[in-house]
Amino acid sequence: DFSSKATKEIKKALEEFNRKGIKKLILDLRDNPGGLLDEAVSVGRLFVPAGPIVYVKDKAGSLKKYESSLRDPKYQLVVLVNERSASASEILAGAIKDRKAGVLVGTQTFGKALVQSLMPLTDGSMIKLTTAVYLTPNKTLINGVGIEPDYIVENDDLEDLQLEKAIELLK
């Protein structure tokens, strides 16, 4: 998930890959429920070329753009997604697809494009408040719709056909 340690952990893995000369990556976002917006943006900055990663639109219609400044993406990237890829994982998947930083393989994502905050109440309970929606770099609202992969591949009970397709695409 996109917890507060996601960028740090991915950077550590990428340093190792760089030392080994690895240039082709499969990023598995299947069953990833999301997490922090800032972490999704930070991870996006590692893969998405300079330009928008995501737009956040508030209730007044104002847009806030989060951008990458990456000059030369160094990886050939395939991203695995499914119907349980949601929220922050969709921010990253949408940026990679819209900005042509890689291709998506799998099934339609969940479609959760809401920016939400938890507000504690005096009795100890919490309210989850929707404060904005996010849009992909092409300004597409995916809430309730999801993201369609470039290659739609259903898995079966015996084989990971999505992973097999990703490997095929990187050969």
# chains A, B, ... in the order shown; residues from 1 in each chain; ligands from 1
call {"tool": "residues_around", "arguments": {"residues": "Asp38 of chain A", "least_positions_apart": "6", "cutoff": "10 Å", "atoms": "only C-alpha atoms", "output": "MDAnalysis selection string"}}
result
chainID A and resid 2:4 7 44 66 88
call {"tool": "write_last_selection", "arguments": {"atoms": "C-alpha atoms", "output": "JSON list (two decimals), in the first residue's frame"}}
result
[["chain", "number", "residue", "atom", "x", "y", "z"],
["A", 2, "PHE", "CA", 1.01, 3.63, -0.16],
["A", 3, "SER", "CA", 1.93, 4.08, 3.50],
["A", 4, "SER", "CA", 4.34, 6.71, 4.76],
["A", 7, "THR", "CA", 8.64, 5.93, -1.43],
["A", 44, "GLY", "CA", 5.07, 8.62, -9.45],
["A", 66, "TYR", "CA", 0.99, 17.54, -8.69],
["A", 88, "ALA", "CA", -3.53, 5.91, -4.52]]
call {"tool": "select_by_dssp", "arguments": {"residues": "segment 24-117 of chain A", "states": "strand (DSSP E or B)", "output": "PyMOL selection string"}}
result
chain A and resi 24-28+35+49+51-58+63-68+70+76-81+103-106+114-117
call {"tool": "closest_residue", "arguments": {"among": "A:Tyr75, A:Phe17, A:Tyr55, A:Tyr134", "to": "Lys100 of chain A", "atoms": "only C-alpha atoms"}}
result
A:Tyr75
call {"tool": "residues_around", "arguments": {"residues": "Ala132 of chain A", "least_positions_apart": "4", "cutoff": "7 Å", "atoms": "only C-alpha atoms", "output": "NGL selection string"}}
result
:A and (56-59 or 114-115)
call {"tool": "write_last_selection", "arguments": {"atoms": "C-alpha atoms", "output": "tab-separated table (two decimals), in the first residue's frame"}}
result
chain	number	residue	atom	x	y	z
A	56	VAL	CA	-6.95	17.30	-7.24
A	57	LYS	CA	-10.25	19.12	-7.74
A	58	ASP	CA	-11.97	20.65	-4.71
A	59	LYS	CA	-15.69	21.32	-4.28
A	114	LEU	CA	-11.91	10.54	-3.64
A	115	VAL	CA	-9.61	12.54	-1.39
call {"tool": "atom_distance", "arguments": {"atom1": "atom CA of Gln76 of chain A", "atom2": "atom CA of Leu169 of chain A"}}
result
9.7 Å
call {"tool": "atom_distance", "arguments": {"atom1": "atom CA of Asn82 of chain A", "atom2": "atom CA of Leu36 of chain A"}}
result
19.2 Å
call {"tool": "atom_distance", "arguments": {"atom1": "atom CA of Leu170 of chain A", "atom2": "atom CA of Glu9 of chain A"}}
result
23.3 Å
call {"tool": "residues_around", "arguments": {"residues": "Ala40 of chain A", "least_positions_apart": "5", "cutoff": "9 Å", "atoms": "only C-alpha atoms", "output": "VMD selection string"}}
result
chain A and resid 2 6 to 7 34 to 35 45 88 to 92
call {"tool": "residues_around", "arguments": {"residues": "Glu164 of chain A", "least_positions_apart": "2", "cutoff": "12 Å", "atoms": "only C-alpha atoms", "output": "JSON, numbers by chain"}}
result
{"A": [26, 78, 80, 105, 106, 151, 153, 154, 155, 156, 159, 160, 161, 162, 166, 167, 168, 169, 170, 171]}
call {"tool": "select_by_dssp", "arguments": {"residues": "segment 11-135 of chain A", "states": "helix (DSSP H, G or I)", "output": "list in words"}}
result
Lys11, Lys12, Ala13, Leu14, Glu15, Glu16, Phe17, Asn18, Arg19, Leu37, Asp38, Glu39, Ala40, Val41, Ser42, Val43, Gly44, Ala88, Ser89, Glu90, Ile91, Leu92, Ala93, Gly94, Ala95, Ile96, Lys97 and Asp98 of chain A
call {"tool": "residues_around", "arguments": {"residues": "Gly111 of chain A", "least_positions_apart": "3", "cutoff": "9 Å", "atoms": "only C-alpha atoms", "output": "NGL selection string"}}
result
:A and (83 or 85-87 or 90 or 108 or 141-147)
call {"tool": "write_last_selection", "arguments": {"atoms": "all heavy atoms", "output": "compact mmCIF listing (two decimals), in the first residue's frame"}}
result
# COMPACT_ATOMS: atom_id res chain seq x y z
N GLU A 83 -9.33 -5.34 -10.17
CA GLU A 83 -10.51 -4.67 -9.63
C GLU A 83 -10.34 -4.25 -8.17
O GLU A 83 -11.16 -3.52 -7.64
CB GLU A 83 -11.75 -5.57 -9.78
CG GLU A 83 -11.68 -6.88 -9.02
CD GLU A 83 -10.85 -7.97 -9.72
OE1 GLU A 83 -10.34 -7.76 -10.84
OE2 GLU A 83 -10.70 -9.04 -9.11
N SER A 85 -7.40 -2.76 -7.21
CA SER A 85 -6.43 -1.65 -7.25
C SER A 85 -7.24 -0.37 -7.11
O SER A 85 -8.08 -0.08 -7.96
CB SER A 85 -5.67 -1.63 -8.59
OG SER A 85 -5.03 -2.86 -8.84
N ALA A 86 -7.00 0.38 -6.03
CA ALA A 86 -7.88 1.51 -5.74
C ALA A 86 -7.08 2.72 -5.25
O ALA A 86 -5.95 2.60 -4.80
CB ALA A 86 -8.91 1.12 -4.69
N SER A 87 -7.72 3.87 -5.37
CA SER A 87 -7.26 5.11 -4.76
C SER A 87 -5.83 5.48 -5.16
O SER A 87 -5.58 5.75 -6.32
CB SER A 87 -7.42 4.99 -3.24
OG SER A 87 -7.23 6.21 -2.60
N GLU A 90 -4.42 3.78 -8.04
CA GLU A 90 -4.99 4.27 -9.30
C GLU A 90 -4.37 5.60 -9.72
O GLU A 90 -4.27 5.88 -10.91
CB GLU A 90 -6.51 4.40 -9.19
CG GLU A 90 -7.20 3.04 -9.12
CD GLU A 90 -8.69 3.17 -8.92
OE1 GLU A 90 -9.10 3.70 -7.85
OE2 GLU A 90 -9.45 2.75 -9.82
N GLN A 108 -9.97 -4.02 -15.13
CA GLN A 108 -10.40 -2.68 -14.75
C GLN A 108 -10.17 -2.44 -13.25
O GLN A 108 -10.50 -3.30 -12.43
CB GLN A 108 -11.89 -2.55 -15.07
CG GLN A 108 -12.45 -1.17 -14.96
CD GLN A 108 -12.40 -0.43 -16.28
OE1 GLN A 108 -12.01 -0.97 -17.30
NE2 GLN A 108 -12.80 0.82 -16.26
N LEU A 141 -11.89 11.81 -14.79
CA LEU A 141 -12.41 11.41 -13.49
C LEU A 141 -12.72 9.92 -13.55
O LEU A 141 -13.53 9.48 -14.36
CB LEU A 141 -13.68 12.20 -13.14
CG LEU A 141 -14.37 11.81 -11.83
CD1 LEU A 141 -13.45 12.03 -10.63
CD2 LEU A 141 -15.67 12.57 -11.67
N ILE A 142 -12.06 9.15 -12.73
CA ILE A 142 -12.23 7.69 -12.76
C ILE A 142 -13.11 7.18 -11.63
O ILE A 142 -13.33 5.97 -11.52
CB ILE A 142 -10.87 6.97 -12.75
CG1 ILE A 142 -10.12 7.29 -11.45
CG2 ILE A 142 -10.05 7.34 -13.98
CD1 ILE A 142 -9.16 6.21 -11.05
N ASN A 143 -13.61 8.07 -10.78
CA ASN A 143 -14.41 7.63 -9.63
C ASN A 143 -15.64 6.87 -10.11
O ASN A 143 -16.40 7.35 -10.94
CB ASN A 143 -14.82 8.81 -8.77
CG ASN A 143 -15.28 8.37 -7.40
OD1 ASN A 143 -14.51 7.72 -6.69
ND2 ASN A 143 -16.50 8.69 -7.04
N GLY A 144 -15.83 5.67 -9.59
CA GLY A 144 -16.96 4.83 -9.96
C GLY A 144 -16.78 4.13 -11.29
O GLY A 144 -17.64 3.35 -11.70
N VAL A 145 -15.68 4.41 -11.98
CA VAL A 145 -15.43 3.84 -13.31
C VAL A 145 -14.18 2.97 -13.31
O VAL A 145 -14.18 1.86 -13.84
CB VAL A 145 -15.29 4.97 -14.37
CG1 VAL A 145 -14.99 4.39 -15.74
CG2 VAL A 145 -16.52 5.84 -14.40
N GLY A 146 -13.11 3.48 -12.77
CA GLY A 146 -11.83 2.78 -12.79
C GLY A 146 -11.02 3.11 -14.02
O GLY A 146 -11.40 3.96 -14.83
N ILE A 147 -9.90 2.42 -14.14
CA ILE A 147 -8.99 2.60 -15.27
C ILE A 147 -8.93 1.30 -16.05
O ILE A 147 -8.72 0.23 -15.47
CB ILE A 147 -7.57 2.97 -14.77
CG1 ILE A 147 -7.60 4.28 -14.00
CG2 ILE A 147 -6.59 3.05 -15.95
CD1 ILE A 147 -6.31 4.60 -13.27
